[in-house]
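K.L.:
So I've got this file, start_10.pdb, and it contains PDB, C-alpha atoms:
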```pdb
ATOM      1  CA  MET A   1     -90.294 -64.990  85.130
ATOM      2  CA  LYS A   2     -88.578 -68.115  86.450
ATOM      3  CA  ALA A   3     -89.691 -71.714  86.015
ATOM      4  CA  GLU A   4     -88.192 -73.938  88.706
ATOM      5  CA  THR A   5     -88.929 -77.161  86.789
ATOM      6  CA  VAL A   6     -89.949 -78.306  83.323
ATOM      7  CA  GLU A   7     -93.404 -79.045  84.746
ATOM      8  CA  ASP A   8     -93.658 -75.379  85.798
ATOM      9  CA  LEU A   9     -92.683 -74.290  82.290
ATOM     10  CA  LYS A  10     -95.367 -76.494  80.728
ATOM     11  CA  MET A  11     -97.938 -75.002  83.085
ATOM     12  CA  PHE A  12     -96.931 -71.477  82.038
ATOM     13  CA  VAL A  13     -97.368 -72.435  78.380
ATOM     14  CA  GLU A  14    -100.747 -74.088  78.964
ATOM     15  CA  LEU A  15    -102.001 -71.046  80.886
ATOM     16  CA  ASP A  16    -100.675 -68.750  78.150
ATOM     17  CA  ASP A  17     -98.554 -66.932  80.742
ATOM     18  CA  ILE A  18     -95.501 -67.036  78.484
ATOM     19  CA  ALA A  19     -95.298 -64.648  75.535
ATOM     20  CA  CYS A  20     -92.713 -63.085  73.253
ATOM     21  CA  HIS A  21     -92.373 -60.007  75.467
ATOM     22  CA  GLU A  22     -92.003 -61.982  78.716
ATOM     23  CA  PRO A  23     -89.458 -64.810  78.450
ATOM     24  CA  VAL A  24     -89.264 -67.540  81.065
ATOM     25  CA  ASP A  25     -85.922 -68.598  82.547
ATOM     26  CA  LEU A  26     -85.276 -72.302  83.134
ATOM     27  CA  SER A  27     -82.298 -74.475  84.039
ATOM     28  CA  ALA A  28     -82.598 -77.958  82.533
ATOM     29  CA  ARG A  29     -80.696 -80.651  80.690
ATOM     30  CA  VAL A  30     -80.754 -80.347  76.918
ATOM     31  CA  GLU A  31     -80.942 -83.163  74.389
ATOM     32  CA  ILE A  32     -80.267 -82.202  70.784
ATOM     33  CA  GLN A  33     -82.792 -84.125  68.690
ATOM     34  CA  GLY A  34     -81.731 -82.924  65.271
ATOM     35  CA  LYS A  35     -81.224 -80.005  62.931
ATOM     36  CA  GLY A  36     -83.480 -78.402  60.354
ATOM     37  CA  THR A  37     -83.929 -75.402  58.090
ATOM     38  CA  ALA A  38     -86.848 -72.987  58.299
ATOM     39  CA  PRO A  39     -88.640 -71.749  55.138
ATOM     40  CA  SER A  40     -86.665 -68.518  55.577
ATOM     41  CA  GLY A  41     -83.430 -70.487  55.200
ATOM     42  CA  GLU A  42     -82.525 -70.064  58.863
ATOM     43  CA  GLU A  43     -81.041 -73.164  60.501
ATOM     44  CA  TYR A  44     -82.416 -74.370  63.805
ATOM     45  CA  LEU A  45     -81.978 -77.190  66.323
ATOM     46  CA  ARG A  46     -84.758 -79.376  67.678
ATOM     47  CA  LEU A  47     -84.284 -79.734  71.437
ATOM     48  CA  ARG A  48     -85.732 -81.741  74.267
ATOM     49  CA  LEU A  49     -85.482 -80.034  77.659
ATOM     50  CA  TYR A  50     -85.818 -82.332  80.644
ATOM     51  CA  ASP A  51     -85.511 -82.799  84.380
ATOM     52  CA  SER A  52     -87.026 -85.178  86.914
ATOM     53  CA  SER A  53     -90.457 -83.577  86.510
ATOM     54  CA  GLY A  54     -90.781 -84.269  82.773
ATOM     55  CA  TRP A  55     -89.743 -82.977  79.362
ATOM     56  CA  VAL A  56     -90.784 -80.467  76.728
ATOM     57  CA  GLY A  57     -89.771 -79.862  73.124
ATOM     58  CA  ALA A  58     -88.233 -76.593  71.954
ATOM     59  CA  PHE A  59     -86.434 -75.046  69.012
ATOM     60  CA  ALA A  60     -83.208 -73.044  68.988
ATOM     61  CA  ARG A  61     -81.970 -70.795  66.201
ATOM     62  CA  CYS A  62     -78.413 -71.817  65.386
ATOM     63  CA  GLY A  63     -77.407 -68.169  65.033
ATOM     64  CA  ASP A  64     -78.508 -67.437  68.599
ATOM     65  CA  TRP A  65     -76.296 -70.210  69.940
ATOM     66  CA  ALA A  66     -73.181 -69.523  67.873
ATOM     67  CA  GLY A  67     -70.241 -69.359  70.265
ATOM     68  CA  HIS A  68     -72.250 -70.630  73.250
ATOM     69  CA  GLY A  69     -71.164 -74.269  72.972
ATOM     70  CA  LEU A  70     -74.490 -76.104  73.213
ATOM     71  CA  VAL A  71     -73.671 -79.768  73.919
ATOM     72  CA  ASP A  72     -76.020 -82.754  74.028
ATOM     73  CA  GLY A  73     -76.878 -83.731  77.620
ATOM     74  CA  GLN A  74     -75.633 -80.445  79.043
ATOM     75  CA  LEU A  75     -77.246 -78.593  81.952
ATOM     76  CA  ARG A  76     -77.990 -75.127  80.582
ATOM     77  CA  ASP A  77     -79.571 -71.866  81.634
ATOM     78  CA  LEU A  78     -82.233 -71.044  79.066
ATOM     79  CA  SER A  79     -84.449 -68.109  78.262
ATOM     80  CA  LEU A  80     -87.628 -69.261  76.526
ATOM     81  CA  HIS A  81     -90.529 -67.643  74.737
ATOM     82  CA  THR A  82     -93.319 -68.871  72.502
ATOM     83  CA  ALA A  83     -93.616 -68.273  68.778
ATOM     84  CA  ASP A  84     -96.280 -69.172  66.230
ATOM     85  CA  THR A  85     -95.234 -71.032  63.094
ATOM     86  CA  PRO A  86     -96.678 -70.215  59.641
ATOM     87  CA  LYS A  87     -98.947 -73.263  60.150
ATOM     88  CA  GLY A  88    -100.348 -71.783  63.346
ATOM     89  CA  GLN A  89     -98.498 -74.051  65.754
ATOM     90  CA  ARG A  90     -97.242 -72.528  68.995
ATOM     91  CA  VAL A  91     -93.696 -73.618  69.791
ATOM     92  CA  LEU A  92     -91.069 -72.843  72.404
ATOM     93  CA  VAL A  93     -87.904 -71.058  71.311
ATOM     94  CA  ALA A  94     -84.796 -71.370  73.502
ATOM     95  CA  HIS A  95     -82.066 -68.746  73.811
ATOM     96  CA  PRO A  96     -78.891 -68.899  75.915
ATOM     97  CA  ASP A  97     -79.442 -67.152  79.246
ATOM     98  CA  TYR A  98     -75.937 -65.858  79.879
ATOM     99  CA  GLY A  99     -76.792 -62.737  81.866
ATOM    100  CA  GLN A 100     -77.440 -64.656  85.084
ATOM    101  CA  PRO A 101     -75.196 -66.569  87.536
ATOM    102  CA  PRO A 102     -74.523 -70.171  86.383
ATOM    103  CA  CYS A 103     -77.343 -72.581  87.141
ATOM    104  CA  GLU A 104     -77.148 -74.845  90.153
ATOM    105  CA  ARG A 105     -79.529 -77.801  90.308
ATOM    106  CA  ASP A 106     -79.310 -81.033  92.248
ATOM    107  CA  ALA A 107     -78.488 -84.008  90.010
ATOM    108  CA  LEU A 108     -81.497 -85.836  91.474
ATOM    109  CA  ASP A 109     -83.697 -83.034  90.114
ATOM    110  CA  LEU A 110     -82.309 -83.699  86.625
ATOM    111  CA  LEU A 111     -83.046 -87.395  86.190
ATOM    112  CA  PRO A 112     -84.226 -88.434  82.692
ATOM    113  CA  ALA A 113     -87.965 -88.718  83.350
ATOM    114  CA  HIS A 114     -88.620 -88.866  79.592
ATOM    115  CA  ARG A 115     -86.545 -92.050  79.281
ATOM    116  CA  ALA A 116     -87.831 -93.848  82.388
ATOM    117  CA  PRO A 117     -89.993 -96.899  81.547
ATOM    118  CA  ASN A 118     -91.300 -96.666  85.141
ATOM    119  CA  PRO A 119     -91.365 -92.952  86.076
ATOM    120  CA  GLU A 120     -92.541 -93.762  89.607
ATOM    121  CA  ASP A 121     -89.169 -95.429  90.236
ATOM    122  CA  LEU A 122     -87.486 -92.032  89.954
ATOM    123  CA  GLY A 123     -89.503 -90.836  92.933
ATOM    124  CA  ARG A 124     -88.512 -93.950  94.863
ATOM    125  CA  LEU A 125     -84.851 -93.291  94.071
ATOM    126  CA  ILE A 126     -85.076 -89.672  95.208
ATOM    127  CA  ASP A 127     -86.858 -90.663  98.434
ATOM    128  CA  LEU A 128     -84.240 -93.334  99.152
ATOM    129  CA  VAL A 129     -81.307 -90.958  98.711
ATOM    130  CA  GLU A 130     -82.907 -88.050 100.551
ATOM    131  CA  GLY A 131     -83.588 -90.413 103.447
ATOM    132  CA  LEU A 132     -79.861 -91.000 103.985
ATOM    133  CA  GLU A 133     -78.498 -89.176 107.017
ATOM    134  CA  THR A 134     -74.861 -89.319 105.902
ATOM    135  CA  GLU A 135     -74.243 -86.234 103.764
ATOM    136  CA  GLY A 136     -71.177 -87.796 102.136
ATOM    137  CA  TYR A 137     -73.316 -90.659 100.826
ATOM    138  CA  ARG A 138     -75.960 -88.298  99.472
ATOM    139  CA  ALA A 139     -73.229 -86.278  97.763
ATOM    140  CA  PHE A 140     -71.768 -89.477  96.293
ATOM    141  CA  VAL A 141     -75.076 -90.489  94.712
ATOM    142  CA  ARG A 142     -75.608 -86.988  93.344
ATOM    143  CA  ASP A 143     -72.132 -87.083  91.825
ATOM    144  CA  VAL A 144     -72.835 -90.466  90.222
ATOM    145  CA  PHE A 145     -76.079 -89.281  88.635
ATOM    146  CA  SER A 146     -74.602 -85.964  87.499
ATOM    147  CA  ASP A 147     -73.320 -87.892  84.461
ATOM    148  CA  PRO A 148     -76.347 -87.798  82.116
ATOM    149  CA  ASP A 149     -75.190 -90.802  80.084
ATOM    150  CA  PHE A 150     -74.885 -92.947  83.205
ATOM    151  CA  ALA A 151     -78.224 -91.702  84.543
ATOM    152  CA  ILE A 152     -80.009 -92.664  81.319
ATOM    153  CA  SER A 153     -78.310 -96.078  81.224
ATOM    154  CA  PHE A 154     -79.139 -96.846  84.865
ATOM    155  CA  VAL A 155     -82.762 -95.764  84.449
ATOM    156  CA  THR A 156     -83.364 -97.681  81.216
ATOM    157  CA  GLY A 157     -81.039-100.690  81.642
ATOM    158  CA  THR A 158     -81.906-104.294  82.448
ATOM    159  CA  ALA A 159     -80.835-106.186  85.570
ATOM    160  CA  SER A 160     -79.957-109.295  83.572
ATOM    161  CA  GLY A 161     -79.996-110.716  80.081
ATOM    162  CA  ARG A 162     -82.942-113.060  80.647
ATOM    163  CA  CYS A 163     -82.823-114.278  84.284
ATOM    164  CA  HIS A 164     -84.775-111.562  86.134
ATOM    165  CA  HIS A 165     -85.860-107.969  85.600
ATOM    166  CA  ALA A 166     -84.763-108.317  81.982
ATOM    167  CA  GLU A 167     -87.149-105.626  80.765
ATOM    168  CA  ARG A 168     -86.167-102.000  80.118
ATOM    169  CA  GLY A 169     -86.020-100.199  83.441
ATOM    170  CA  GLY A 170     -85.472-103.483  85.246
ATOM    171  CA  LEU A 171     -82.072-102.463  86.607
ATOM    172  CA  LEU A 172     -83.404 -99.454  88.508
ATOM    173  CA  ASN A 173     -86.501-101.315  89.671
ATOM    174  CA  HIS A 174     -84.529-104.306  90.966
ATOM    175  CA  SER A 175     -81.851-102.105  92.535
ATOM    176  CA  LEU A 176     -84.515-100.175  94.432
ATOM    177  CA  GLU A 177     -86.196-103.373  95.603
ATOM    178  CA  VAL A 178     -82.938-104.634  97.110
ATOM    179  CA  ALA A 179     -81.905-101.265  98.574
ATOM    180  CA  GLU A 180     -85.329-100.704 100.137
ATOM    181  CA  ALA A 181     -85.286-104.231 101.576
ATOM    182  CA  VAL A 182     -81.878-103.595 103.159
ATOM    183  CA  SER A 183     -83.147-100.287 104.552
ATOM    184  CA  VAL A 184     -86.146-101.953 106.209
ATOM    185  CA  ALA A 185     -84.196-104.991 107.446
ATOM    186  CA  THR A 186     -81.507-102.899 109.145
ATOM    187  CA  GLU A 187     -83.728-100.150 110.518
ATOM    188  CA  ARG A 188     -83.879-101.595 114.047
ATOM    189  CA  MET A 189     -80.429-103.155 114.123
ATOM    190  CA  SER A 190     -77.732-101.878 116.467
ATOM    191  CA  VAL A 191     -75.548-100.772 113.583
ATOM    192  CA  ALA A 192     -73.835 -97.420 113.137
ATOM    193  CA  THR A 193     -75.788 -95.208 110.748
ATOM    194  CA  CYS A 194     -72.863 -94.852 108.360
ATOM    195  CA  MET A 195     -72.496 -98.652 108.154
ATOM    196  CA  ARG A 196     -76.216 -99.228 107.665
ATOM    197  CA  GLU A 197     -76.398 -96.629 104.916
ATOM    198  CA  ALA A 198     -73.272 -98.008 103.257
ATOM    199  CA  GLY A 199     -75.194-101.275 102.957
ATOM    200  CA  ILE A 200     -78.103 -99.453 101.345
ATOM    201  CA  LEU A 201     -75.793 -97.906  98.746
ATOM    202  CA  LEU A 202     -74.107-101.240  98.065
ATOM    203  CA  ALA A 203     -77.557-102.704  97.475
ATOM    204  CA  LEU A 204     -78.540 -99.826  95.194
ATOM    205  CA  PHE A 205     -75.502-100.295  92.963
ATOM    206  CA  HIS A 206     -74.939-104.044  93.386
ATOM    207  CA  ASP A 207     -75.887-104.772  89.756
ATOM    208  CA  VAL A 208     -74.387-101.691  88.131
ATOM    209  CA  GLY A 209     -71.909-103.921  86.284
ATOM    210  CA  GLU A 210     -74.813-105.115  84.129
ATOM    211  CA  LEU A 211     -74.510-101.868  82.201
ATOM    212  CA  TRP A 212     -71.090-102.929  80.966
ATOM    213  CA  SER A 213     -71.640-106.688  80.765
ATOM    214  CA  SER A 214     -74.573-106.138  78.413
ATOM    215  CA  LEU A 215     -72.230-104.296  76.059
ATOM    216  CA  VAL A 216     -69.806-107.220  76.177
ATOM    217  CA  TYR A 217     -72.573-109.711  75.386
ATOM    218  CA  GLU A 218     -73.701-107.624  72.444
TER     219      GLU A 218
END
```
Now, as a test, write the supplied structure out as structure tokens.
P.N.:
Amino acid sequence: MKAETVEDLKMFVELDDIACHEPVDLSARVEIQGKGTAPSGEEYLRLRLYDSSGWVGAFARCGDWAGHGLVDGQLRDLSLHTADTPKGQRVLVAHPDYGQPPCERDALDLLPAHRAPNPEDLGRLIDLVEGLETEGYRAFVRDVFSDPDFAISFVTGTASGRCHHAERGGLLNHSLEVAEAVSVATERMSVATCMREAGILLALFHDVGELWSSLVYE
């Protein structure tokens, strides 16, 4: 069984359609939350699996992942099943899914929804990019957001220290406001599409330097 998104996976779990004998395959980004030891002495990792639809917690036995190079922030193919703990809790267990072709997911489908102070802004970002007619520009934005560290910083960062949009998530919110305004203002202008859309991208990333200036100020 294949889950296209994390939201699909959560639905399978809620409907009890996922069991030990029928694993569910999923491609998602993986955050390593920490490491622990089970009462049996077996070591495990606490994971957070996420994409633009949401996130879900899971566990991974260290022995299962030995030699498979699990890295924080990585896009991975996973095979998941449920297991019941001695305390009666149902949890997800993740195994490497290495018998299938490598996963291919659009970077815009892998945005950090679990980190977004304003999750609705992720939908606005996706709509803005998908509305671009110039494929090279769409590819550029996907390439930019394929870096999970940058994606998290852009989604959670502030647009200024204290002048405007200084709250968490303010950078994305302000960037979208400006980019959407440019899109509307230029819609009826006699400007080549590639030039108009270049302006939209410039507006979207006009304050990206705040991510680095905030580090300098700190």
K.L.:
Which is closest to Ser27 in chain A among A:Val191, A:Val91, A:Ala3, A:Leu47, if we use all atoms listed in the file?
P.N.:
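Ranked by minimum distance to Ser27 in chain A, first place goes to A:Ala3.
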K.L.:
What lies within 12 Å of Val184 in chain A using all atoms listed in the file, ignoring chain neighbours under 6 positions off, as a PyMOL selection string?
P.N.:
chain A and resi 128+177-178+196-197+199-200
K.L.:
Which residue, A:Ala139, A:Lys2, A:Ala38, A:His114, has the smallest gap to Ser79 in chain A when you use only C-alpha atoms?
P.N.:
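The shortest atom-to-atom distance to Ser79 in chain A comes from A:Lys2.
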K.L.:
One decimal, Å: what's the distance from CA of Asn173 in chain A over to CA of Arg124 in chain A, could you say?
P.N.:
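Result for CA of Asn173 in chain A versus CA of Arg124 in chain A: 9.2 Å, one decimal.
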K.L.:
Could you jot down the CA of Gly63 in chain A to CA of Tyr44 in chain A separation for me, Å, one decimal place?
P.N.:
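These two atoms are separated by 8.1 Å.
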K.L.:
Can you list what the PyMOL selection byres ((chain A and resi 77) around 8) grabs from this structure, as a PyMOL selection string?
P.N.:
chain A and resi 25-28+75-76+78-79+96-98+102-103
K.L.:
Quick one, how far is CA of Thr156 in chain A from CA of Val182 in chain A?
P.N.:
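Spanning CA of Thr156 in chain A to CA of Val182 in chain A is a straight-line distance of 22.8 Å.
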K.L.:
Any idea what's packed within 12 Å of Pro86 in chain A, counting all atoms listed in the file, ignoring anything in its chain fewer than 2 positions away? Could you give it as a list in words?
P.N.:
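Listed by chain and then number, they are Ala38, Pro39, Ser40, Ala83, Asp84, Gly88, Gln89, Arg90 and Val91 of chain A.
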K.L.:
What does the PyMOL selection byres ((chain A and resi 48) around 10) select in this file, as an MDAnalysis selection string?
P.N.:
chainID A and resid 28:34 45:47 49:50 55:59 72:73 114
K.L.:
Starting from the shown file, work through the PyMOL selection byres ((chain A and resi 176) around 12) and note down what comes out as a VMD selection string.
P.N.:
chain A and resid 120 to 129 154 to 155 159 165 169 to 175 177 to 183 200 to 207
K.L.:
For the point (-85.9, -90.0, 82.4) in the file's frame, write as a PyMOL selection string all residues with an atom no more than 7 Å away, counting all atoms listed in the file.
P.N.:
chain A and resi 52+111-116+152+155
K.L.:
With C-alpha atoms retained, export the selected residues as a tab-separated table (two decimals), in the coordinates of the input.
P.N.:
```tsv
chain	number	residue	atom	x	y	z
A	52	SER	CA	-87.03	-85.18	86.91
A	111	LEU	CA	-83.05	-87.40	86.19
A	112	PRO	CA	-84.23	-88.43	82.69
A	113	ALA	CA	-87.96	-88.72	83.35
A	114	HIS	CA	-88.62	-88.87	79.59
A	115	ARG	CA	-86.54	-92.05	79.28
A	116	ALA	CA	-87.83	-93.85	82.39
A	152	ILE	CA	-80.01	-92.66	81.32
A	155	VAL	CA	-82.76	-95.76	84.45
```
K.L.:
Using only C-alpha atoms, determine which residues lie at most 7 Å from Ser53 in chain A, disregarding the query and same-chain residues fewer than 4 positions distant; provide the list as an MDAnalysis selection string.
P.N.:
chainID A and resid 5:7 113
